Amino acid sequence: YYNLERNTHEAECLRLQRENDVLELKEREVRLRDAFFLRLNSLCFPFLSVAEENSHRIKISEQNWKDIIDNVNSTFDNFTVRLKDRYPLLSEDDIRFCCLLKMRLSLEVLIQIYCIQKQSINKKKERIKKEKLGIDDNRILDEIICSFR
């Protein structure tokens with residue numbers, strides 16, 4: 001009986017260790033994917049990086065938008081498609097805005113892209129969160145979008 005109990009305990013420990021290893025690998029994969037995504041964006045869209053230092057309008061062309069969406073979808077398993085499927089009230093502009101949040105752009109860069117004040121960006125985030133996503137908790141839209149997998 002003692003050997004059976006010991007073997008069961010050892011098997012359970014081994015199973016837990018494997019589960020822990022899998023979780024660590026998944027966490028590492030997420031970190032590497034996020035780092036890759038940030039690097040990809042800095043290479044593809046350098047004008048967004050230098051925008052932090054300047055205070056002029058940032059114009060994103062239709063081709064840039066297409067590339068941004070392609071990068072987000074390639075890196076995050078068709079993010080925009082899944083987002084639109086889950087939240088069908090999102091407009092194309094909302095999806096684009098969510099892509100910029102997924103890129104972790106600063107508030108200053110968002111202000112330069114949309115040519116609106118900080119309060120208006122925050123209102124836009126709140127409107128999307130409540131009216132389009134139907135989420136009414138204390139999380140901010142940035143958190144929701146960045147954790148949407």
# chains A, B, ... in the order shown; residues from 1 in each chain; ligands from 1

$ residues_around --residues "Ile128 in chain A" --least-positions-apart "4" --cutoff "8 Å" --atoms "only C-alpha atoms" --output "list of chain:residue names"
A:Leu90, A:Asp94, A:Lys124, A:Lys132, A:Leu133, A:Leu141

$ residues_around --residues "Glu126 in chain A" --least-positions-apart "5" --cutoff "12 Å" --atoms "only C-alpha atoms" --output "PyMOL selection string"
chain A and resi 94+119-121+131-142+144

$ atom_distance --atom1 "CA of Arg18 in chain A" --atom2 "CA of Leu4 in chain A"
21.0 Å

$ closest_residue --among "A:Glu108, A:Glu12, A:Glu24, A:Asp34" --to "Arg57 in chain A" --atoms "only C-alpha atoms"
A:Glu108

$ residues_around --residues "range 62-77 of chain A" --least-positions-apart "2" --cutoff "9 Å" --atoms "only C-alpha atoms" --output "MDAnalysis selection string"
chainID A and resid 33:34 36:37 40:41 44:45 60 79:82 95:96 99:100 102:103 149

$ closest_residue --among "A:Ile145, A:Ser42, A:Ser61, A:Gln117" --to "Phe97 in chain A" --atoms "only C-alpha atoms"
A:Ile145
